[in-house]
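For reference, the structure discussed in these notes is given below.
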Amino acid sequence: MAGRKYGLDLGTNYVKIYDNTRKNILVEHNMIAIRKKKDMVAAGDDAYEIYEKVSDNIVIKQPVRAGVIADVEPMGRLFDFLLKKQNCSNSMMRHNEFYLAVPSSITEVEKRAFFSLIGCSSFKTHNASIVEKPVAAALGEGLDVTRAGGIMVVDLGADTTEISIIALGGIVLSRLIKVGGNTINDAICNEVKLEHNVIIGSKTAEFLKLSLGSAIPTMAEPVMAYGRDLITGLPVHIPVPAPLVYQCITTVLEPVLDAVRGLLERTPPELNNDIFDHGIYVTGGTSQIPGLDRLIAARTRMKVNMSAHPQESVVKGLDVIMNSYELSGLAFSVRESVFY
């Protein structure tokens with residue numbers, strides 16, 4: 001009996017599961033709510049809905065942090081829940097194949113955690129392979145990663161940003177920066193606290209980032225935000241100006257821009273020529289900040305190609321590998337000795 005192929009992108013904020021048979025993508029928040037350390041109260045988007053609203057006896061966890069699985073057991077329970085939601089069948093579990101996208105700049109032990117996730121789930125199978133996330137993202141953008149020319153991919157995620165140079169199907173240079181969309185949210189929370197003596201939650205910070213966020217100065221009107229006054233302890237609402245959010249974004253992105261320039265300086269000259277001709281490819285959820293392409297172009301003096309569907313680049317790249325025999329060598333099986 002033939003099984004199905006699934007592409008998995010386990011991000012800090014979102015889990016994306018691609019069903020190669022049905023050709024659909026399930027996208028849910030990477031959160032799970034647990035009561036008394038054992039009972040699952042909610043998972044995925046339902047857990048995000050009650051985030052920052054629950055009592056102390058319910059703990060909401062984000063199993064993936066900084067691009068790697070930090071809590072395998074809750075991630076396994078969330079993984080099972082989402083696979084069932086994607087109609088993955090236990091009757092064919094030995095025939096199912098899973099392709100997991102992982103950051104290229106993590107250790108072999110951290111890569112093993114992704115395999116452990118598959119092995120410990122109720123959908124046990126030995127048909128598990130990993131694909132380096134920058135390679136998958138490039139394929140998802142329609143790029144030919146097997147050519148000798150260099151490709152530069154900047155993947156801006158929630159907790160991390162991975163900057164990679166790809167050639168001949170492999171990673172020539174790569175750097176993982178622990179900066180992303182969540183870092184910007186934290187910076188907004190801190191800045192509002194300093195400027196207005198008001199504490200806001202991460203959901204409010206996310207709302208301000210989406211409403212006012214820009215990598216270039218704008219004349220947008222202030223947005224009202226609700227929080228708690230540090231002095232009185234009472235609920236308040238305050239106008240948050242666009243320059244405050246802009247300052248947080250540019251400050252947080254500064255290490256990313258420095259890393260892009262640093263990686264270009266280390267890139268072999270022949271590959272630099274190709275990158276200069278084709279430009280930098282930018283993807284990932286945080287890349288949706290308006291004006292980011294202009295900021296990167298101004299700092300690098302290079303063409304910048306922004307993804308039209310940045311959150312789907314990786315799973316679309318996994319789909320390309322799943323459907324191509326010629327590209328199957330880009331997926332590394334759990335059986336391969338390099339991971340032992």
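Order determines the names: the first chain of the structure tokens is A, the second B, and so forth; residues in each chain are numbered 1 upward, and ligands are numbered 1 upward as they are shown.
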
For this session: Pick out the residues sitting within 12 Å of Cys189 of chain A, and hand them over as a count of residues only; count only C-alpha atoms, and ignore anything fewer than 6 positions along from it in its own chain.
Result: 25

Exercise. Could you pull the residues within 10 Å of segment 140-145 of chain A, counting only C-alpha atoms, minus those fewer than 4 positions along the same chain, as a VMD selection string?
Worked result: chain A and resid 134 to 136 149 to 151 166 to 171 281 to 283 305 to 310 312 to 321 327 330

For this session: as a PyMOL selection string, list the residues of segment 64-309 of chain A assigned to helix (DSSP H, G or I) by DSSP on the backbone atoms of this structure.
Result: chain A and resi 72-85+90-92+108-120+133-140+181-196+202-212+242-266+269-278+285-288+292-300

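In this model, the gap between atom CA of Arg266 of chain A and atom CA of Leu173 of chain A comes to 8.3 Å.
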
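Distances from A:Lys133, A:Arg35, A:His237, A:His95 to Leu8 of chain A were compared using only C-alpha atoms, and the smallest one belongs to A:Lys133.
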
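With only C-alpha atoms taken into account, the protein and nucleic acid residues at most 8 Å from Ala259 of chain A (excluding it and anything under 2 positions from it in its own chain) are A:Ile163, A:Arg175, A:Ile177, A:Pro255, A:Val256, A:Leu257, A:Arg261, A:Gly262, A:Leu263.
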
Would you save the residues of that selection, restricted to all heavy atoms, as a tab-separated table (two decimals), in the first residue's frame?
```tsv
chain	number	residue	atom	x	y	z
A	163	ILE	N	21.37	33.29	6.95
A	163	ILE	CA	21.92	33.88	5.73
A	163	ILE	C	22.85	32.84	5.11
A	163	ILE	O	23.77	32.35	5.77
A	163	ILE	CB	22.70	35.17	6.03
A	163	ILE	CG1	21.82	36.12	6.85
A	163	ILE	CG2	23.16	35.85	4.76
A	163	ILE	CD1	22.60	37.15	7.64
A	175	ARG	N	25.31	31.57	8.03
A	175	ARG	CA	25.38	32.14	9.37
A	175	ARG	C	23.98	32.28	9.93
A	175	ARG	O	23.07	32.73	9.24
A	175	ARG	CB	26.07	33.50	9.36
A	175	ARG	CG	26.28	34.04	10.78
A	175	ARG	CD	27.10	35.29	10.81
A	175	ARG	NE	27.18	35.80	12.16
A	175	ARG	CZ	27.66	37.00	12.48
A	175	ARG	NH1	28.10	37.80	11.53
A	175	ARG	NH2	27.68	37.40	13.73
A	177	ILE	N	21.71	34.01	12.76
A	177	ILE	CA	21.64	35.12	13.70
A	177	ILE	C	20.39	34.96	14.54
A	177	ILE	O	19.30	34.75	14.01
A	177	ILE	CB	21.57	36.49	12.96
A	177	ILE	CG1	22.64	36.57	11.89
A	177	ILE	CG2	21.67	37.65	13.94
A	177	ILE	CD1	24.04	36.60	12.42
A	255	PRO	N	22.10	43.87	13.22
A	255	PRO	CA	23.02	42.72	13.15
A	255	PRO	C	22.82	41.87	11.90
A	255	PRO	O	23.77	41.28	11.39
A	255	PRO	CB	22.67	41.91	14.41
A	255	PRO	CG	21.98	42.87	15.32
A	255	PRO	CD	21.27	43.84	14.43
A	256	VAL	N	21.58	41.80	11.39
A	256	VAL	CA	21.31	41.04	10.17
A	256	VAL	C	21.99	41.70	8.98
A	256	VAL	O	22.64	41.02	8.16
A	256	VAL	CB	19.78	40.94	9.92
A	256	VAL	CG1	19.51	40.26	8.58
A	256	VAL	CG2	19.11	40.18	11.05
A	257	LEU	N	21.87	43.01	8.87
A	257	LEU	CA	22.50	43.73	7.76
A	257	LEU	C	24.02	43.61	7.83
A	257	LEU	O	24.69	43.43	6.81
A	257	LEU	CB	22.09	45.21	7.81
A	257	LEU	CG	20.59	45.47	7.63
A	257	LEU	CD1	20.27	46.93	7.93
A	257	LEU	CD2	20.13	45.10	6.24
A	261	ARG	N	26.51	41.70	4.95
A	261	ARG	CA	27.74	42.28	4.40
A	261	ARG	C	28.95	41.43	4.74
A	261	ARG	O	29.85	41.23	3.90
A	261	ARG	CB	27.92	43.71	4.95
A	261	ARG	CG	26.90	44.72	4.41
A	261	ARG	CD	27.04	46.05	5.13
A	261	ARG	NE	28.34	46.64	4.90
A	261	ARG	CZ	28.61	47.54	3.96
A	261	ARG	NH1	27.65	47.94	3.13
A	261	ARG	NH2	29.82	48.04	3.81
A	262	GLY	N	28.99	40.91	5.96
A	262	GLY	CA	30.12	40.08	6.38
A	262	GLY	C	30.23	38.80	5.57
A	262	GLY	O	31.33	38.37	5.20
A	263	LEU	N	29.09	38.18	5.25
A	263	LEU	CA	29.11	36.95	4.47
A	263	LEU	C	29.52	37.22	3.03
A	263	LEU	O	30.24	36.41	2.41
A	263	LEU	CB	27.73	36.28	4.52
A	263	LEU	CG	27.72	34.75	4.44
A	263	LEU	CD1	28.40	34.17	5.67
A	263	LEU	CD2	26.30	34.22	4.34
```

Exercise. From the list A:Lys36, A:Lys16, A:Arg65, A:Arg147, which residue is nearest Phe79 of chain A when using only C-alpha atoms?
Worked result: A:Lys16

For this session: Extract the full set of strand (DSSP E or B) residues from segment 246-325 of chain A according to DSSP on the backbone, and format it as a PyMOL selection string.
Result: chain A and resi 280-283+304-306

For this session: Write out as a PyMOL selection string which residues come within 12 Å of Leu264 of chain A when counting only C-alpha atoms, dropping same-chain ones fewer than 5 positions away.
Result: chain A and resi 150-154+163-165+172-175+257-259+269-276+279-280+300-302

How about saving the chosen residues, N, CA and C atoms kept, as a PDB file, in the first residue's frame?
```
ATOM      1  N   GLY A 150      26.599  31.103  -7.632  1.00  0.00           N
ATOM      2  CA  GLY A 150      26.211  31.327  -6.250  1.00  0.00           C
ATOM      3  C   GLY A 150      24.821  31.932  -6.120  1.00  0.00           C
ATOM      4  N   ILE A 151      24.109  31.530  -5.066  1.00  0.00           N
ATOM      5  CA  ILE A 151      22.798  32.067  -4.724  1.00  0.00           C
ATOM      6  C   ILE A 151      22.840  32.496  -3.269  1.00  0.00           C
ATOM      7  N   MET A 152      22.428  33.721  -2.987  1.00  0.00           N
ATOM      8  CA  MET A 152      22.371  34.186  -1.596  1.00  0.00           C
ATOM      9  C   MET A 152      20.912  34.246  -1.159  1.00  0.00           C
ATOM     10  N   VAL A 153      20.620  33.546  -0.057  1.00  0.00           N
ATOM     11  CA  VAL A 153      19.268  33.503   0.495  1.00  0.00           C
ATOM     12  C   VAL A 153      19.301  34.029   1.924  1.00  0.00           C
ATOM     13  N   VAL A 154      18.419  34.977   2.221  1.00  0.00           N
ATOM     14  CA  VAL A 154      18.248  35.502   3.571  1.00  0.00           C
ATOM     15  C   VAL A 154      16.861  35.105   4.043  1.00  0.00           C
ATOM     16  N   ILE A 163      21.375  33.289   6.946  1.00  0.00           N
ATOM     17  CA  ILE A 163      21.921  33.876   5.726  1.00  0.00           C
ATOM     18  C   ILE A 163      22.851  32.836   5.107  1.00  0.00           C
ATOM     19  N   SER A 164      22.605  32.471   3.852  1.00  0.00           N
ATOM     20  CA  SER A 164      23.338  31.363   3.237  1.00  0.00           C
ATOM     21  C   SER A 164      23.758  31.676   1.816  1.00  0.00           C
ATOM     22  N   ILE A 165      24.902  31.103   1.446  1.00  0.00           N
ATOM     23  CA  ILE A 165      25.376  31.103   0.065  1.00  0.00           C
ATOM     24  C   ILE A 165      25.289  29.663  -0.432  1.00  0.00           C
ATOM     25  N   VAL A 172      27.624  26.741   0.818  1.00  0.00           N
ATOM     26  CA  VAL A 172      29.029  27.149   0.794  1.00  0.00           C
ATOM     27  C   VAL A 172      29.381  27.898   2.079  1.00  0.00           C
ATOM     28  N   LEU A 173      28.560  28.854   2.434  1.00  0.00           N
ATOM     29  CA  LEU A 173      28.732  29.624   3.663  1.00  0.00           C
ATOM     30  C   LEU A 173      27.360  29.844   4.280  1.00  0.00           C
ATOM     31  N   SER A 174      27.306  29.892   5.592  1.00  0.00           N
ATOM     32  CA  SER A 174      26.029  30.134   6.252  1.00  0.00           C
ATOM     33  C   SER A 174      26.269  30.744   7.621  1.00  0.00           C
ATOM     34  N   ARG A 175      25.315  31.569   8.031  1.00  0.00           N
ATOM     35  CA  ARG A 175      25.380  32.144   9.372  1.00  0.00           C
ATOM     36  C   ARG A 175      23.976  32.276   9.933  1.00  0.00           C
ATOM     37  N   LEU A 257      21.869  43.009   8.868  1.00  0.00           N
ATOM     38  CA  LEU A 257      22.502  43.732   7.764  1.00  0.00           C
ATOM     39  C   LEU A 257      24.023  43.608   7.829  1.00  0.00           C
ATOM     40  N   ASP A 258      24.573  43.674   9.038  1.00  0.00           N
ATOM     41  CA  ASP A 258      26.025  43.497   9.207  1.00  0.00           C
ATOM     42  C   ASP A 258      26.452  42.088   8.794  1.00  0.00           C
ATOM     43  N   ALA A 259      25.618  41.087   9.141  1.00  0.00           N
ATOM     44  CA  ALA A 259      25.952  39.698   8.806  1.00  0.00           C
ATOM     45  C   ALA A 259      25.893  39.465   7.303  1.00  0.00           C
ATOM     46  N   PRO A 269      35.234  35.177  -4.883  1.00  0.00           N
ATOM     47  CA  PRO A 269      34.936  36.192  -5.906  1.00  0.00           C
ATOM     48  C   PRO A 269      34.070  35.698  -7.057  1.00  0.00           C
ATOM     49  N   GLU A 270      34.297  34.461  -7.520  1.00  0.00           N
ATOM     50  CA  GLU A 270      33.511  33.951  -8.646  1.00  0.00           C
ATOM     51  C   GLU A 270      32.036  33.804  -8.283  1.00  0.00           C
ATOM     52  N   LEU A 271      31.762  33.413  -7.051  1.00  0.00           N
ATOM     53  CA  LEU A 271      30.370  33.318  -6.610  1.00  0.00           C
ATOM     54  C   LEU A 271      29.781  34.708  -6.386  1.00  0.00           C
ATOM     55  N   ASN A 272      30.616  35.634  -5.945  1.00  0.00           N
ATOM     56  CA  ASN A 272      30.151  37.006  -5.740  1.00  0.00           C
ATOM     57  C   ASN A 272      29.641  37.617  -7.043  1.00  0.00           C
ATOM     58  N   ASN A 273      30.290  37.260  -8.146  1.00  0.00           N
ATOM     59  CA  ASN A 273      29.849  37.777  -9.443  1.00  0.00           C
ATOM     60  C   ASN A 273      28.412  37.352  -9.750  1.00  0.00           C
ATOM     61  N   ASP A 274      28.114  36.068  -9.482  1.00  0.00           N
ATOM     62  CA  ASP A 274      26.758  35.557  -9.734  1.00  0.00           C
ATOM     63  C   ASP A 274      25.744  36.223  -8.810  1.00  0.00           C
ATOM     64  N   ILE A 275      26.117  36.377  -7.551  1.00  0.00           N
ATOM     65  CA  ILE A 275      25.200  37.000  -6.592  1.00  0.00           C
ATOM     66  C   ILE A 275      24.922  38.444  -6.986  1.00  0.00           C
ATOM     67  N   PHE A 276      25.955  39.138  -7.450  1.00  0.00           N
ATOM     68  CA  PHE A 276      25.776  40.528  -7.867  1.00  0.00           C
ATOM     69  C   PHE A 276      24.844  40.621  -9.079  1.00  0.00           C
ATOM     70  N   GLY A 279      21.266  39.118  -7.605  1.00  0.00           N
ATOM     71  CA  GLY A 279      20.747  39.780  -6.421  1.00  0.00           C
ATOM     72  C   GLY A 279      20.575  38.846  -5.227  1.00  0.00           C
ATOM     73  N   ILE A 280      20.105  39.411  -4.133  1.00  0.00           N
ATOM     74  CA  ILE A 280      19.868  38.678  -2.882  1.00  0.00           C
ATOM     75  C   ILE A 280      18.399  38.269  -2.835  1.00  0.00           C
ATOM     76  N   THR A 300      23.620  47.203   1.001  1.00  0.00           N
ATOM     77  CA  THR A 300      24.482  46.282   0.248  1.00  0.00           C
ATOM     78  C   THR A 300      24.794  46.770  -1.162  1.00  0.00           C
ATOM     79  N   ARG A 301      24.020  47.764  -1.648  1.00  0.00           N
ATOM     80  CA  ARG A 301      24.158  48.265  -3.026  1.00  0.00           C
ATOM     81  C   ARG A 301      23.953  47.153  -4.048  1.00  0.00           C
ATOM     82  N   MET A 302      23.010  46.270  -3.728  1.00  0.00           N
ATOM     83  CA  MET A 302      22.704  45.146  -4.610  1.00  0.00           C
ATOM     84  C   MET A 302      21.205  45.041  -4.828  1.00  0.00           C
TER      85      MET A 302
END
```

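With atom CA of Ile249 of chain A on one side and atom CA of Lys61 of chain A on the other, the separation reads 25.7 Å.
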
For this session: For Pro243 of chain A, please output as a VMD selection string all residues within 9 Å (counting only C-alpha atoms; exclusion window: fewer than 3 positions along the same chain).
Result: chain A and resid 212 217 to 220 240 246 to 248

Problem set entry | Counting only C-alpha atoms, the residue of A:Ala187, A:Lys5, A:Ala113, A:Met224 that sits nearest Pro239 of chain A | A:Met224
